Each structure stands twice: as C-alpha cells, then as structure tokens.
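To start, the structure itself, in structure tokens.
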Amino acid sequence: MTPEVTPTVDGPPVRRGGSLRGAGPRRSSDFLDAAGFADVPRAGNVDGATMRPGSLRGSARGRDLDSLAHTLFLRIYPVIAIVVLVTQIGIAWVNYSDQIRLYTERANLLAALTASAVARPDWSAQPEIYRHQVQALALDPTFRAVILRDASGTVVTTLGDMPRGRAWDLVIAQADLVAAPEAKPVGHLTLAISAEALRGNAEKQALLALVTSIILMLAFVVTLHANVRRHVLAPLKRLLVAMREVEHKSWVTVETGVRFRASNEIDVISQAFNRMVEGLRTGDEAKQLLKELETAHAKLAEANGLVMESIGYARRIQSSVLPDRAALAGTGLEVGVLWEPLHVVGGDYFWLEEVDGLGIVVVADCTGHGVPGAFLTLIVATALDRILHERRLRDPVEILRVLDAMVRVQLRQDGRGAESDDGLDCGVCIWNRETAELHFAGAGLALTCITDGIATRIRGAKRGLGYPQRPGEVFAVTETVVPVSRGTTFYLMTDGITDQMGGPKRQLLGHRGVADILGAHRDMPLSAQMAALEQALTRYRAGEARRDDMALVAFRTSPATAPP
Amino acid sequence: MDTISLPATDRSPRVDFDFDGGRLALRGESYPEDAAAFYGPLLQALKGYLATVTTDPIVFEVGLAYFNSSSAKALMNLFMPLEDAAAEGRRVTIRWFYADGDETIAEAGEDFAADFSHARFEMVEEPV
C-alpha cells in the first residue's frame, strides 16, 4: 500500500486542548496510518460510490478518539484529587489541633507546677527559691523561655528568649504565683514551649497527601487509558476501519468475538453495523445486477428497434410490389384478400391482373417467412412478370412449369451446387369471362370452391416449385377446368390460413374448419368475409401464437356480371 | 452409434434417435426458424447409421401436431434414405401419429405415405 499523503482538502488537523495534550496519545488518523490503511484510489467504484471517499475519514480526523480518555481524566480526576486533598488536610488539621491542645495543657501544667513551687511571700528576694525551679523547666526539650514577674509586674528573672508578639511555633502558658488560697497573687509566670515538632508533623502529613494524590492520579491515568483503549478505542477503531472499507464498497464486517471484548454498547453497535453492511452488500449486488440487466435490455431494445425499423421499411417495399386489390374489377370478379405476414414481411405472395381480358389470380407460399420469405417473393414476382408479359403465357400449367424452372435457376438449385433447398407452393387461376370457365393448376396449393356452404377442394400437385429436382422427378402439374356458376366462391389460400393451432383439442383448424367459417359468412361481401375470417381465426387460436404467414385470395363473379 | 436425444422446445420437437435400438422418434411441433440447421445434423446421423449398420430393422415414429413447409421438406429428406434402405431389403417402418380429428396432419401423412413403396408406412390415430 502507498503511504498516505494528507489530503490538502482537509487542511491541517485541528488540535483540541493542545496545552493539556502535550505530546498526547496517538490520534485515530495516526492509528489508521500505522495500521497501513490509506486512501488508495480504487478504479471502478469511484463513479458509482454513494459516499464521497474520504468523507468518513475527514470527520474522524477532527474528532480524536483518544480524547475520550482525556475528557474522562479531565472531568473526573480534579474531583478525586480535591476530595483526597481535602480529606488529608482535614485529617492533618484534626491531628494538629489535638497536638496543640495537648501541648497547651502540658505548658499550663508545667507553668502551674512551677508557679505553685515558687509561690511564697518574698520569693523574689530569695533567688534560691526560684532558681532551681526555673532551671528545672529548662530541662524540658521543648522549653524555649520563661519570665517570672513579682506582684508589681517587675521582671525578677528570665531564661531563654521570649519572642515579641505571637509566634506560630510557640505555645505560651501563664500562671499566677499564689502563696495562699484566696490571697492576692505574689507574682506571675510566663512559659513558652516550642511546637516545632508539631509543625514538622503537619508538613509531613501535607506532603503525604500530595504524594498520595499524585500516585492516585498516575494509577488513575494508567488504568483509565488501558481500559478505554482496550474496551472502547480498539473496538471503535475496528469499526472505523470497517466503515472506511465499506465507504469504498468493500463489504467487510467487524469481528465481535475478539480477545478484549468491546463494551456492551459498542458490541451492540458493531452487530448493528454488521447487519447494515450485510444489507448494503445484498442491496448493492441487486442494484448492480439490475443495472447490468437494464443496460443489456436497453441494448437489446435499441438493436430490436433498428431491426424493426429496417423491416418496417422492407414491408413498404413488399406492399408496393403487391397488386391493387381492384385489379380484376374489369373482368367481372369480386375479390377479397387477406394478406398478413407473420413477421411484418413474409413469404406469402399473391398476384391479381387482367391480361388480354383474362383474370389472373396467383397465390404463392414461399419457404420460410419474414425477411428470407420476402426475398423469395421478389424472385417470384419478377418471374411472374416475365412469364405473363415477356413470354405471354396464359396456360396455368405452363405458367407453373416456367415458374418452377425460373425459380430453380434463379436460386442456382439446378445442379450448380447451391446450398439452398428453397421453393414455393403455388396456385394459378385463369378466369375466362367469355367462356365462364376457370382454369386452375396448383403445385402444393389447392383451390377451394364453396357453393351454398358446401366446400370442395381441388388439390394440385404435391410437389412445390423451384426446389432442386431429384433424379427422375417429373413435373406433374395438371390443369383443372371449373365451369363457373353463380353462387360459387373460389379461394386460393396458403397453409398459414389453415394451420391455426388452437381450439378445444389444441389441434390444427384445417381446411374443413376454414371452409366452415367461410361458408358461415358466405352472404357477406368478400372484403367483409375476409375480416370475419381473420377474427374467427384469432378466436380459434385463443392466445396461441400464429405459426405462419397468411395469404388468401377469394373471388367470385360479381352479381351484376355473373352468368346465369 | 450415439443416441441423439433433444428436449422439445416451443418450435422444435423432442428428438429420440436410439440407433442401437433401431427406434427413432419425433414428437411435438416443428417450425424452427432454420429447419435446415435443426434437421441437418439429424439427417447426417441417420445417413451415417444407415451406412454402418445395414441389417437391423428400424422403426421411425413421427407424431407432430404442426410442422411448417420447411420441416415437411426436412422430413422428406429423412424419409428418403429410409425408403432407399427399405428398397435394399431392410425392414423399415414409419409410424405416422395424428390426433383423432386432425385432418391436416392425417392428410399430410397420407401424402408422405404415397412416396413409400418399400418401407412400411403406418397411420396411427391417437385419441385426444
């Protein structure tokens, strides 16, 4: 890890209570540095980070965790120190007063004894009476001075230096020299003894009190620091380190079962923190997954949009290649068309044209649907154009024969090693109004005729057109001539119309099912009939997807021009 | 020979080609986007089997509720080597299953049946 350089944004750390701190204990940020924890820029999660990296560190920098011990020390210690001092001083004072009282009593006793020993009439005239007594007083180790005065107050003798005024280290005792009870005093004795030893005692006591409080302070500081560090600071620092990891989206939790257990409160906080990290982690993972999913979805939607746009354009082209629905109006035919590719464009195709007074109806179902099917319809459209207008073929079998060959050549399926195996089913009807005959030829596609609700089906050849030919295969399409009578409607339809999956037994609707629907709507105009059929098919499928492109051309003689 | 076993999807049938047992089966619906891609490997495997094992009888069961025209082509391509094998004297049976009342599938079966002259083609109606 790179050693951390103090971020300039944070500025110099603010010191609190500087003079009291002195060198001070280590700050939390120092601790983090010592723990090898530094702000290493992490690629990838900076952009998506919910917190600004370093924000937590910034807040921890200003607030020193060690100051907890100092605060406690500064708040508690003076109280304890004052209490200890006051107690000690109180005890010393009581001792001192007791001693002073004892000293005073002793001085008074000495003075009284000496005074009674000396008290005689005319004592001042006879030094041998008082000299011994006074000298005996001086034997006492605490003796400082004595003054004997006669009745008139004149000093008779003194021993030692009697200090002027009041001295703290002296105890002064006074006694009258009384010769006989009830008589006037014959003199006065003043005795001063030293209380120096007492003062020494008091000083010792004061020193003791001071030393005690200093020792107490040291013990207090050491214990406080050790305990705060172990049970408060260490767990808090573990929390802080974990928080900084979490800030960088590294989902670490705090160990709670370590050697020095954190105080209950911190333990509870640590556990809550761990639960929070767990929650954040799962939330973050879910968010990440959702984001990836959304990105993928957006890409798919965009790609799909492009493809659909392109296919929409293709549909316009394919629709413009389809003929006008009213192209056969001049031949006396009423025409209805249902054309609906499965995927916007498709492989179903129809052709309506009046040529030389003949009505030509072609329906083709090219292999595949969607774009591949649509490609094939363009080949078929080109081929039909050439067949009808360049080669001017009018015989349905010939039309199919040439179409078969043209498509096969176009797709190089004529033995030139094509990879494809494609072709089409096709039905051709040529309506001759003059003869009132319909000439039909089909390859894989049938002509359905419905008269008064009765359906008949003229099946064409089984094989489709354009596919590669197997050896020995022959073109087997034949022509059927149908005399057209009024009341018969003809339908050329691709298998996408009949192959509708659905119904109560979930099977294909089939030709009969479609014929039943068409028969039921036989009195409708053909365009309305087509709409009714489409609705009926939707109902039959009942939610089942369509399987294929649909194309159906219905036609019948118009009532006005119909033959009798 | 390996067994080919594919689960059915929305658009493709379940495939059980047990070459060792001589039993091949297709069940479901068949309208894959690219029928050639789906049936190509099956046709290759069938041809390979017919070339290596030449005597065992074969039963091919086809039960499709719907198949598109590309799948019909692919089925034809599967049937042709079987018919050829039958022509060479092998016992080949095709069983064409269709649901009771499903004229479309029954008719398709009849159309296929017309192409067989050596293999046995059985139409089997299944109750719905």
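A note on labels: chains of the structure tokens are A, B, ... as shown, every chain counts residues from 1, and ligands are counted from 1 in their shown order.
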
Please produce, as a Markdown table, a per-residue contact table for chain B versus chain A (criterion: any atom at most 10 Å away, only C-alpha atoms considered), showing the nearest atom pair and its distance in Å to one decimal, sorted by chain then residue number.
| residue | atom | partner | partner_atom | distance |
| --- | --- | --- | --- | --- |
| B:Arg11 | CA | A:Arg547 | CA | 9.4 |
| B:Ser30 | CA | A:Arg547 | CA | 9.9 |
| B:Tyr31 | CA | A:Arg547 | CA | 7.6 |
| B:Pro32 | CA | A:Gly368 | CA | 9.8 |
| B:Glu33 | CA | A:Gly368 | CA | 7.8 |
| B:Asp34 | CA | A:Gly368 | CA | 8.3 |
| B:Ala35 | CA | A:Gly368 | CA | 9.1 |
| B:Ala36 | CA | A:Asp421 | CA | 8.6 |
| B:Ala65 | CA | A:Gln507 | CA | 6.5 |
| B:Tyr66 | CA | A:Leu508 | CA | 7.2 |
| B:Phe67 | CA | A:Asp499 | CA | 8.9 |
| B:Asn68 | CA | A:Asp548 | CA | 7.6 |
| B:Ser69 | CA | A:Thr367 | CA | 6.6 |
| B:Ser70 | CA | A:Thr367 | CA | 6.2 |
| B:Ser71 | CA | A:Thr367 | CA | 9.9 |
| B:Lys73 | CA | A:Asp421 | CA | 8.6 |
| B:Ala74 | CA | A:Asp421 | CA | 9.7 |
| B:Tyr98 | CA | A:Gln507 | CA | 9.8 |
| B:Ala99 | CA | A:Gln507 | CA | 7.8 |
| B:Asp100 | CA | A:Lys505 | CA | 9.5 |
| B:Gly101 | CA | A:Gln507 | CA | 8.7 |
| B:Asp102 | CA | A:Gln507 | CA | 6.6 |
| B:Glu103 | CA | A:Gly510 | CA | 6.5 |
| B:Thr104 | CA | A:Gly510 | CA | 5.3 |
| B:Ile105 | CA | A:Leu508 | CA | 8.1 |
| B:Glu107 | CA | A:Gly510 | CA | 9.9 |
| B:Asp111 | CA | A:Lys462 | CA | 7.6 |
| B:Phe112 | CA | A:Lys462 | CA | 9.6 |
| B:Val128 | CA | A:Lys505 | CA | 6.9 |

Take the residues that were just selected and, keeping N, CA and C atoms, output them as a compact mmCIF listing (two decimals), in the first residue's frame.
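File written: part-v1.txt
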# COMPACT_ATOMS: atom_id res chain seq x y z
N ARG B 11 -40.69 -24.49 -30.57
CA ARG B 11 -40.66 -24.50 -32.02
C ARG B 11 -40.02 -25.76 -32.61
N SER B 30 -43.05 -28.65 -35.02
CA SER B 30 -41.79 -28.35 -35.70
C SER B 30 -41.95 -27.15 -36.62
N TYR B 31 -41.46 -26.01 -36.16
CA TYR B 31 -41.35 -24.85 -37.06
C TYR B 31 -40.16 -24.00 -36.65
N PRO B 32 -38.97 -24.63 -36.63
CA PRO B 32 -37.78 -23.86 -36.25
C PRO B 32 -37.50 -22.76 -37.27
N GLU B 33 -36.85 -21.70 -36.81
CA GLU B 33 -36.52 -20.59 -37.71
C GLU B 33 -35.70 -21.10 -38.89
N ASP B 34 -34.77 -21.99 -38.58
CA ASP B 34 -33.92 -22.53 -39.64
C ASP B 34 -34.01 -24.05 -39.59
N ALA B 35 -34.96 -24.57 -40.38
CA ALA B 35 -35.21 -26.02 -40.34
C ALA B 35 -33.98 -26.80 -40.80
N ALA B 36 -33.25 -26.25 -41.76
CA ALA B 36 -32.08 -26.96 -42.27
C ALA B 36 -31.06 -27.14 -41.15
N ALA B 65 -47.86 -32.31 -34.11
CA ALA B 65 -49.16 -31.63 -34.14
C ALA B 65 -49.16 -30.52 -35.18
N TYR B 66 -47.96 -30.00 -35.48
CA TYR B 66 -47.84 -29.00 -36.54
C TYR B 66 -46.42 -29.02 -37.05
N PHE B 67 -46.27 -28.87 -38.37
CA PHE B 67 -44.93 -28.66 -38.92
C PHE B 67 -45.07 -27.74 -40.11
N ASN B 68 -44.09 -26.89 -40.28
CA ASN B 68 -44.18 -25.94 -41.39
C ASN B 68 -43.61 -26.58 -42.65
N SER B 69 -43.66 -25.83 -43.74
CA SER B 69 -43.29 -26.46 -45.01
C SER B 69 -41.79 -26.78 -45.06
N SER B 70 -40.97 -25.97 -44.37
CA SER B 70 -39.53 -26.30 -44.33
C SER B 70 -39.31 -27.61 -43.60
N SER B 71 -40.09 -27.80 -42.51
CA SER B 71 -39.96 -29.05 -41.76
C SER B 71 -40.46 -30.22 -42.60
N LYS B 73 -40.20 -30.47 -45.78
CA LYS B 73 -39.07 -30.79 -46.67
C LYS B 73 -38.03 -31.62 -45.92
N ALA B 74 -37.73 -31.20 -44.69
CA ALA B 74 -36.72 -31.89 -43.90
C ALA B 74 -37.16 -33.32 -43.59
N TYR B 98 -51.32 -39.21 -35.68
CA TYR B 98 -52.14 -37.99 -35.81
C TYR B 98 -53.28 -38.06 -34.81
N ALA B 99 -53.64 -36.93 -34.29
CA ALA B 99 -54.70 -36.87 -33.29
C ALA B 99 -56.04 -37.12 -33.96
N ASP B 100 -56.91 -37.76 -33.23
CA ASP B 100 -58.25 -38.04 -33.72
C ASP B 100 -58.92 -36.73 -34.15
N GLY B 101 -59.30 -36.67 -35.42
CA GLY B 101 -59.99 -35.48 -35.91
C GLY B 101 -59.06 -34.46 -36.55
N ASP B 102 -57.76 -34.70 -36.51
CA ASP B 102 -56.82 -33.73 -37.10
C ASP B 102 -56.58 -34.10 -38.56
N GLU B 103 -57.44 -33.57 -39.42
CA GLU B 103 -57.39 -33.95 -40.83
C GLU B 103 -56.13 -33.44 -41.51
N THR B 104 -55.65 -32.29 -41.06
CA THR B 104 -54.48 -31.71 -41.71
C THR B 104 -53.27 -32.63 -41.59
N ILE B 105 -53.05 -33.12 -40.37
CA ILE B 105 -51.89 -33.98 -40.14
C ILE B 105 -52.12 -35.35 -40.79
N GLU B 107 -53.88 -35.94 -43.45
CA GLU B 107 -53.71 -35.75 -44.89
C GLU B 107 -52.23 -35.67 -45.26
N ASP B 111 -50.06 -38.05 -47.73
CA ASP B 111 -49.20 -37.55 -48.80
C ASP B 111 -47.81 -38.16 -48.72
N PHE B 112 -47.30 -38.23 -47.49
CA PHE B 112 -45.97 -38.84 -47.32
C PHE B 112 -46.03 -40.32 -47.69
N VAL B 128 -57.62 -38.08 -28.48
CA VAL B 128 -57.24 -36.76 -27.93
C VAL B 128 -57.46 -36.76 -26.43

*Excluding same-chain residues fewer than 4 positions from A:Ala138, what lies within 12 Å of it counting only C-alpha atoms, as number ranges by chain?*
A: 110-111, 114, 131-134, 142-147, 158-161, 191-194

Take the residues just selected and output them with N, CA and C atoms as a compact mmCIF listing (two decimals), in the first residue's frame.
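Output file again-v1.txt follows:
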# COMPACT_ATOMS: atom_id res chain seq x y z
N LEU A 110 2.95 22.62 83.44
CA LEU A 110 4.32 22.98 83.85
C LEU A 110 4.33 24.34 84.55
N ALA A 111 3.61 25.28 83.91
CA ALA A 111 3.60 26.64 84.47
C ALA A 111 2.97 26.63 85.86
N THR A 114 5.28 24.91 88.42
CA THR A 114 6.42 25.77 88.76
C THR A 114 5.96 26.95 89.62
N ARG A 131 15.36 29.78 91.56
CA ARG A 131 16.39 29.47 90.55
C ARG A 131 16.29 28.00 90.11
N HIS A 132 16.18 27.11 91.11
CA HIS A 132 16.13 25.68 90.77
C HIS A 132 14.92 25.33 89.94
N GLN A 133 13.79 25.98 90.34
CA GLN A 133 12.55 25.66 89.61
C GLN A 133 12.65 26.07 88.16
N VAL A 134 13.22 27.31 87.99
CA VAL A 134 13.33 27.82 86.62
C VAL A 134 14.30 26.96 85.78
N THR A 142 11.34 20.83 74.95
CA THR A 142 10.58 21.79 74.16
C THR A 142 10.65 23.19 74.75
N PHE A 143 11.36 23.37 75.89
CA PHE A 143 11.41 24.66 76.57
C PHE A 143 12.08 25.69 75.70
N ARG A 144 11.43 26.88 75.66
CA ARG A 144 12.02 27.96 74.90
C ARG A 144 12.36 29.15 75.80
N ALA A 145 11.39 29.58 76.65
CA ALA A 145 11.68 30.75 77.52
C ALA A 145 10.74 30.78 78.72
N VAL A 146 11.17 31.45 79.79
CA VAL A 146 10.31 31.64 80.97
C VAL A 146 10.60 33.03 81.55
N ILE A 147 9.49 33.68 82.01
CA ILE A 147 9.65 35.00 82.64
C ILE A 147 8.91 34.97 83.97
N THR A 158 14.60 35.91 84.02
CA THR A 158 14.16 35.32 82.73
C THR A 158 15.16 34.25 82.33
N LEU A 159 14.68 33.32 81.55
CA LEU A 159 15.56 32.30 80.97
C LEU A 159 15.07 32.05 79.54
N GLY A 160 16.00 32.08 78.61
CA GLY A 160 15.62 31.94 77.20
C GLY A 160 15.10 33.25 76.66
N ASP A 161 14.89 33.25 75.26
CA ASP A 161 14.40 34.48 74.64
C ASP A 161 12.91 34.38 74.40
N LEU A 191 5.42 31.06 80.47
CA LEU A 191 6.25 29.97 79.96
C LEU A 191 5.99 29.81 78.45
N ALA A 192 7.09 29.72 77.70
CA ALA A 192 6.91 29.47 76.25
C ALA A 192 7.58 28.14 75.88
N ILE A 193 6.80 27.21 75.29
CA ILE A 193 7.45 25.97 74.82
C ILE A 193 7.27 25.88 73.29
N SER A 194 8.20 25.14 72.68
CA SER A 194 8.22 25.08 71.20
C SER A 194 7.25 24.02 70.66

*Assign secondary structure with DSSP using the backbone only, and return the residues of stretch 142-312 of chain A in strand (DSSP E or B) as a ChimeraX atom specification.*
/A:143-150,155-159,170-177,187-194

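Atom to atom, atom CA of A:Thr157 and atom CA of A:Tyr103 stand 23.8 Å apart.
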
*For each of A:Leu411, A:Ala446, A:Met493, A:Ala115, take the minimum atom-to-atom distance to A:Ala173, counting only C-alpha atoms, then give the residue where this is smallest.*
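Of the candidates, the smallest distance to A:Ala173 is held by A:Ala115.
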
_I'd like the interatomic distance between atom CA of A:Val474 and atom CA of A:Gly359, to a tenth of an Å._
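Spanning atom CA of A:Val474 to atom CA of A:Gly359 is a straight-line distance of 28.5 Å.
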
*Considering only C-alpha atoms, state which residue in the set B:His118, B:Arg90, B:Arg27, B:Lys47 is at the smallest distance from B:Leu78.*
B:Lys47

_Which of stretch 114-259 of chain A DSSP labels helix (DSSP H, G or I), written as a VMD selection string_ = chain A and resid 114 to 118 123 to 125 127 to 137 196 to 247

*With a distance cut-off of 7 Å and only C-alpha atoms, select the neighbouring residues of stretch 414-418 of chain A, excluding the residue or stretch itself and same-chain residues fewer than 4 positions from it, and output the selection as a PyMOL selection string.*
chain A and resi 408-409+468

*Please indicate the distance in Å from atom CA of A:Arg316 to atom CA of A:Arg541, rounded to one decimal place.*
27.7 Å

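Residues in contact range of A:Val277, defined as at most 9 Å between only C-alpha atoms, with sequence neighbours fewer than 4 positions away removed, read Val246, Trp251, Val252, Thr253, Ala272, Phe273, Arg281 and Thr282 of chain A.
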
Keeping only N, CA and C atoms, take the residues you just selected and write them out as an mmCIF file, in the first residue's frame.
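In the end it all went to out.cif:
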data_model
loop_
_atom_site.group_PDB
_atom_site.id
_atom_site.type_symbol
_atom_site.label_atom_id
_atom_site.label_comp_id
_atom_site.auth_asym_id
_atom_site.auth_seq_id
_atom_site.Cartn_x
_atom_site.Cartn_y
_atom_site.Cartn_z
ATOM 1 N N VAL A 246 -16.134 -0.029 3.923
ATOM 2 C CA VAL A 246 -17.496 -0.007 3.378
ATOM 3 C C VAL A 246 -17.684 1.219 2.492
ATOM 4 N N TRP A 251 -17.311 -4.839 1.266
ATOM 5 C CA TRP A 251 -18.296 -5.151 2.298
ATOM 6 C C TRP A 251 -17.692 -5.993 3.412
ATOM 7 N N VAL A 252 -16.876 -5.358 4.296
ATOM 8 C CA VAL A 252 -16.308 -6.099 5.421
ATOM 9 C C VAL A 252 -17.160 -5.866 6.660
ATOM 10 N N THR A 253 -17.143 -6.866 7.548
ATOM 11 C CA THR A 253 -17.863 -6.713 8.804
ATOM 12 C C THR A 253 -16.844 -6.619 9.927
ATOM 13 N N ALA A 272 -25.005 -4.153 14.952
ATOM 14 C CA ALA A 272 -25.920 -3.397 14.083
ATOM 15 C C ALA A 272 -25.202 -3.003 12.800
ATOM 16 N N PHE A 273 -23.936 -2.618 12.945
ATOM 17 C CA PHE A 273 -23.133 -2.231 11.768
ATOM 18 C C PHE A 273 -22.995 -3.415 10.813
ATOM 19 N N ARG A 281 -24.650 -4.772 1.278
ATOM 20 C CA ARG A 281 -23.989 -5.642 0.307
ATOM 21 C C ARG A 281 -25.028 -6.276 -0.622
ATOM 22 N N THR A 282 -26.080 -6.869 -0.019
ATOM 23 C CA THR A 282 -27.098 -7.517 -0.853
ATOM 24 C C THR A 282 -27.797 -6.479 -1.714
#

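In terms of minimum interatomic distance to B:Asp2, B:Tyr49 ranks closest within B:Phe60, B:Phe38, B:Phe116, B:Tyr49, counting only C-alpha atoms.
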